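A.B. asks: Below is one structure. I have some questions about it.
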Amino acid sequence: MADEPSNGELGRQIGALQALLEARLGELHSRLDKVVSLDVYTIQNTVFEQRLAQLQADIQQVRTERDALEDAFEQYQRDEARRREDERQRRLYQAVIPVLLALLSAAIAVWAVVAG
């Protein structure tokens, strides 16, 4: 029995083991507090994926609206160019027709004088 530890020695060893165990458990608890549980991770990942899908849908909607706006602007530019061309032709006719009528009147007057 000389190799066996005494009761006091066993008590000290058990105390040391308990202290070591408590220290390790404390470290484990502190680490577990920092680790995200699988449920929380799954929920967080699902929310992230839903938000990402919503953002992608929003981006697609903005692209569609931008394309529609660009098409409308191009149509406006074409309409405006057509309107300006029509206005230019109207002004040209307003200037040319009176001149032609004056020349025609002068030609008729000259012909009447020559014929008469």
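Just so we're on the same page: first chain in the structure tokens is A, next is B, and so on; residues restart at 1 for each chain, and ligands are numbered from 1 in the order they show up.
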Tell me, counting only C-alpha atoms, for each residue of segment 26-103 of chain A within 12 Å of segment 8-21 of chain A, which pair of atoms is nearest and how far apart they are in Å to one decimal, in rows ordered by chain and increasing number, as CSV.
C.D. replies:
```
residue,atom,partner,partner_atom,distance
A:Gly26,CA,A:Leu21,CA,8.5
A:Glu27,CA,A:Leu21,CA,9.8
A:Leu28,CA,A:Leu21,CA,10.3
```
